[in-house]
Amino acid sequence: MTEPHSDLLELAVPYALHAVSDDERGEIEGRLAQLDRPDADAFYDEVRAVRETMAVVSAVSASEPPADLRQRLLAAVADDNVRSLPAPQPVSTGRGWRAAVLAAAAALVIGLGAVGVGIALRPEPAKVSTAQQVFGAKDVHTVSGAIPGGGTATLVFSREKNAGVLVMNDVPKPAPGTVYQMWLVDNSGATSAGTMDDKAVTPSTTAVLPDLGDSKALKFTVEPGTGSTQPTGAVVAELPLA
Amino acid sequence: MFVDAIVTSTANRAVRLRHDVSNTWTTALTTAAADLDALLRRVAQRDTDAFASFYDATRSRVYGLVTRVLRDQGYSEETTQDVYLQVWRTAESYDPASGSAVAWLLTLAHRRAVDRVRSEQAATQRESRYGAASVEPPADHVADAVISEDERRQVTACLDGLTEVQRECIELAYYQGMTYVQVSERLAANLATVKSRMRDALRGLRNCLGVR
């Protein structure tokens with residue numbers, strides 16, 4: 001690493017040990033994104049070595065969890081339909097694991113119980129009736145996905161009512177100048193199902209999708225400006241409508 | 001807590017152990033690593049049997065680390081469950097070319113434990129129940145099918161081989177979830193000193209353990 005970045009490299013160990021504040025972590029990642037490949041690689045190589053080392057060190061703190069934790073966990077995954085896509089990879093660096101770990105480490109995958117119908121039914125006067133119809137439908141389905149940058153998207157939908165209610169919990173706001181765009185994907189391609197800008201995305205965001213048609217999936221991308229006519233940006237999540 | 005004479009003799013023994021023993025358990029660890037990679041690929045395909053095997057192979061490391069940070073059984077069980085749910089949901093994002101599965105897993109686990117301890121501390125401003133510089137294995141550990149006694153002994157020896165101030169930094173930053181800025185405040189040491197202690201500690205451990 002060249003001299004101007006040595007102060008950044010000094011932070012590789014604290015960064016790898018999660019010993020920086022959230023704000024400083026954001027600053028570090030912002031600076032890394034601006035660096036040339038070899039400089040960024042020096043940082044990430046150090047991070048990787050620290051994490052491999054601490055993985056070996058974990059032998060000394062090992063202790064057996066209670067046996068019933070295993071039962072609870074296996075029961076939880078047996079019912080879990082969450083699908084999560086690999087994190088979008090940064091352009092400047094080629095290491096998938098690194099991007100994925102940064103994103104996964106930041107991700108806040110909420111426990112199964114946390115995504116509640118109660119949140120979805122938070123009063124939204126113009127939309128309550130569609131939501132109620134969906135939740136009351138005989139063929140109501142729920143599909144949920146962890147957003148790699150943090151948070152969870154859950155879609156409750158009914159084919160019979162041809163509608164869905166999307167609940168997003170703790171999903172970070174889109175970067176300035178971009179929006180999240182939702183796409184309903186069917187055999188003939190992707191149709192925009194709306195956008196969310198930084199003001200629309202709150203710790204608990206709901207949206208009604210009034211016309212599912214024959215769509216097979218709900219896809220989320222990051223799009224520039226106020227949105228696109230066809231998906232162009234990174235896919236942040238995809239929920240199968242099955 | 002450390003008796004100097006014992007620390008010294010253990011540290012000396014570590015040097016010999018590195019030659020005598022490390023090949024044995026490093027080989028065991030490498031084999032286990034390949035197995036874990038294969039299990040994770042199956043987990044990504046929604047294979048619940050593979051998930052159960054992955055859990056069994058790693059649970060004591062994850063639960064032990066989380067417990068070491070959180071020091072509360074209830075929180076630790078919740079956090080451990082969250083960690084493995086995250087594994088279930090994000091297994092396909094793991095790329096074996098860029099690091100070991102166990103490092104990937106323990107990074108997730110440590111991140112979650114630290115987030116939890118910080119949010120609890122923010123909520124209650126509770127005092128740490130542990131003093132500084134006590135990087136010690138739990139006294140009540142039982143024989144573990146996954147982690148060999150040799151491995152555990154060598155890691156202990158390598159930790160003992162650090163200086164007191166290096167151990168203190170690892171304890172506060174890694175096991176108590178402090179930021180390096182908080183560590184510097186706690187120790188009344190400047191930031192550059194704390195950063196270099198942490199770096200030296202990790203370099204020492206890495207060399208002692210033969211991590212490449």
# chains A, B, ... in the order shown; residues from 1 in each chain; ligands from 1
$ residues_around --residues "His110 (chain B)" --least-positions-apart "5" --cutoff "8 Å" --atoms "only C-alpha atoms" --output "ChimeraX atom specification"
/A:18 /B:65-66
$ write_last_selection --atoms "C-alpha atoms" --output "PDB file, in the first residue's frame"
ATOM      1  CA  HIS A  18     -15.433  -5.137  14.366  1.00  0.00           C
TER       2      HIS A  18
ATOM      3  CA  LEU B  65     -17.591 -17.034  20.898  1.00  0.00           C
ATOM      4  CA  VAL B  66     -21.027 -15.471  21.168  1.00  0.00           C
TER       5      VAL B  66
END
$ select_by_dssp --residues "region 137-170 of chain A" --states "strand (DSSP E)" --output "list in words"
His141, Thr142, Val143, Ser144, Gly145, Ala146, Thr152, Ala153, Thr154, Leu155, Val156, Phe157, Ser158, Ala163, Gly164, Val165, Leu166, Val167, Met168 and Asn169 of chain A
$ write_last_selection --atoms "C-alpha atoms" --output "mmCIF file, in the first residue's frame"
data_model
loop_
_atom_site.group_PDB
_atom_site.id
_atom_site.type_symbol
_atom_site.label_atom_id
_atom_site.label_comp_id
_atom_site.auth_asym_id
_atom_site.auth_seq_id
_atom_site.Cartn_x
_atom_site.Cartn_y
_atom_site.Cartn_z
ATOM 1 C CA HIS A 141 -48.828 -16.905 0.524
ATOM 2 C CA THR A 142 -45.812 -15.356 2.162
ATOM 3 C CA VAL A 143 -42.343 -15.160 0.694
ATOM 4 C CA SER A 144 -39.455 -13.413 2.334
ATOM 5 C CA GLY A 145 -35.875 -12.511 1.512
ATOM 6 C CA ALA A 146 -32.916 -10.998 3.300
ATOM 7 C CA THR A 152 -35.733 -8.093 5.064
ATOM 8 C CA ALA A 153 -38.356 -7.885 2.360
ATOM 9 C CA THR A 154 -41.530 -9.912 2.793
ATOM 10 C CA LEU A 155 -44.327 -10.200 0.276
ATOM 11 C CA VAL A 156 -47.754 -11.451 1.334
ATOM 12 C CA PHE A 157 -49.757 -12.193 -1.794
ATOM 13 C CA SER A 158 -52.846 -13.823 -3.207
ATOM 14 C CA ALA A 163 -52.478 -8.447 -5.351
ATOM 15 C CA GLY A 164 -49.670 -8.426 -2.821
ATOM 16 C CA VAL A 165 -48.501 -6.433 0.168
ATOM 17 C CA LEU A 166 -44.803 -5.803 0.479
ATOM 18 C CA VAL A 167 -43.240 -5.191 3.879
ATOM 19 C CA MET A 168 -39.644 -4.059 4.122
ATOM 20 C CA ASN A 169 -38.032 -4.013 7.550
#
$ atom_distance --atom1 "CA of Gln34 (chain A)" --atom2 "CA of Met196 (chain A)"
26.8 Å
$ closest_residue --among "A:Ala78, A:Asp36, A:Arg72, A:Ala12" --to "Asp49 (chain B)" --atoms "only C-alpha atoms"
A:Ala78
$ residues_around --residues "Ile147 (chain B)" --least-positions-apart "4" --cutoff "8 Å" --atoms "only C-alpha atoms" --output "list in words"
Ala59 of chain A; Glu151 and Arg152 of chain B
$ write_last_selection --atoms "N, CA and C atoms" --output "JSON list (two decimals), in the first residue's frame"
[["chain", "number", "residue", "atom", "x", "y", "z"],
["A", 59, "ALA", "N", -11.07, -21.74, 19.02],
["A", 59, "ALA", "CA", -10.97, -23.03, 19.72],
["A", 59, "ALA", "C", -10.97, -22.83, 21.23],
["B", 151, "GLU", "N", -5.15, -28.57, 19.50],
["B", 151, "GLU", "CA", -5.44, -27.26, 18.92],
["B", 151, "GLU", "C", -5.71, -26.24, 20.03],
["B", 152, "ARG", "N", -6.54, -26.65, 20.97],
["B", 152, "ARG", "CA", -6.89, -25.77, 22.07],
["B", 152, "ARG", "C", -5.64, -25.36, 22.87]]
$ residues_around --residues "Ser63 (chain A)" --least-positions-apart "3" --cutoff "7 Å" --atoms "only C-alpha atoms" --output "MDAnalysis selection string"
chainID B and resid 60:61 63:64 141
$ closest_residue --among "A:Lys173, A:Leu17, A:Gly149, A:Leu9" --to "Ala55 (chain A)" --atoms "only C-alpha atoms"
A:Leu17
$ residues_around --residues "Gln182 (chain B)" --least-positions-apart "3" --cutoff "10 Å" --atoms "only C-alpha atoms" --output "ChimeraX atom specification"
/A:19-21 /B:172-173,177-179,185-188,191,194
$ residues_around --residues "region 170-172 of chain A" --least-positions-apart "2" --cutoff "7 Å" --atoms "only C-alpha atoms" --output "compact mmCIF listing (two decimals) with C-alpha atoms, in the first residue's frame"
# COMPACT_ATOMS: atom_id res chain seq x y z
CA GLY A 150 -29.37 -5.23 5.54
CA GLY A 151 -32.99 -5.83 6.33
CA THR A 152 -35.73 -8.09 5.06
CA MET A 168 -39.64 -4.06 4.12
CA PRO A 174 -31.06 3.91 -1.34
CA PRO A 203 -37.46 1.29 9.12
CA SER A 204 -40.76 -0.36 8.24
$ residues_around --residues "region 227-237 of chain A" --least-positions-apart "2" --cutoff "10 Å" --atoms "only C-alpha atoms" --output "PyMOL selection string"
chain A and resi 83-89+144-149+152-153+177-183+189-192+194-197+218-225+239-240
$ closest_residue --among "A:Glu238, A:Glu27, A:Glu52, A:Asp198" --to "chain B" --atoms "only C-alpha atoms"
A:Glu52
$ atom_distance --atom1 "CA of Gln86 (chain B)" --atom2 "CA of Thr206 (chain A)"
23.1 Å
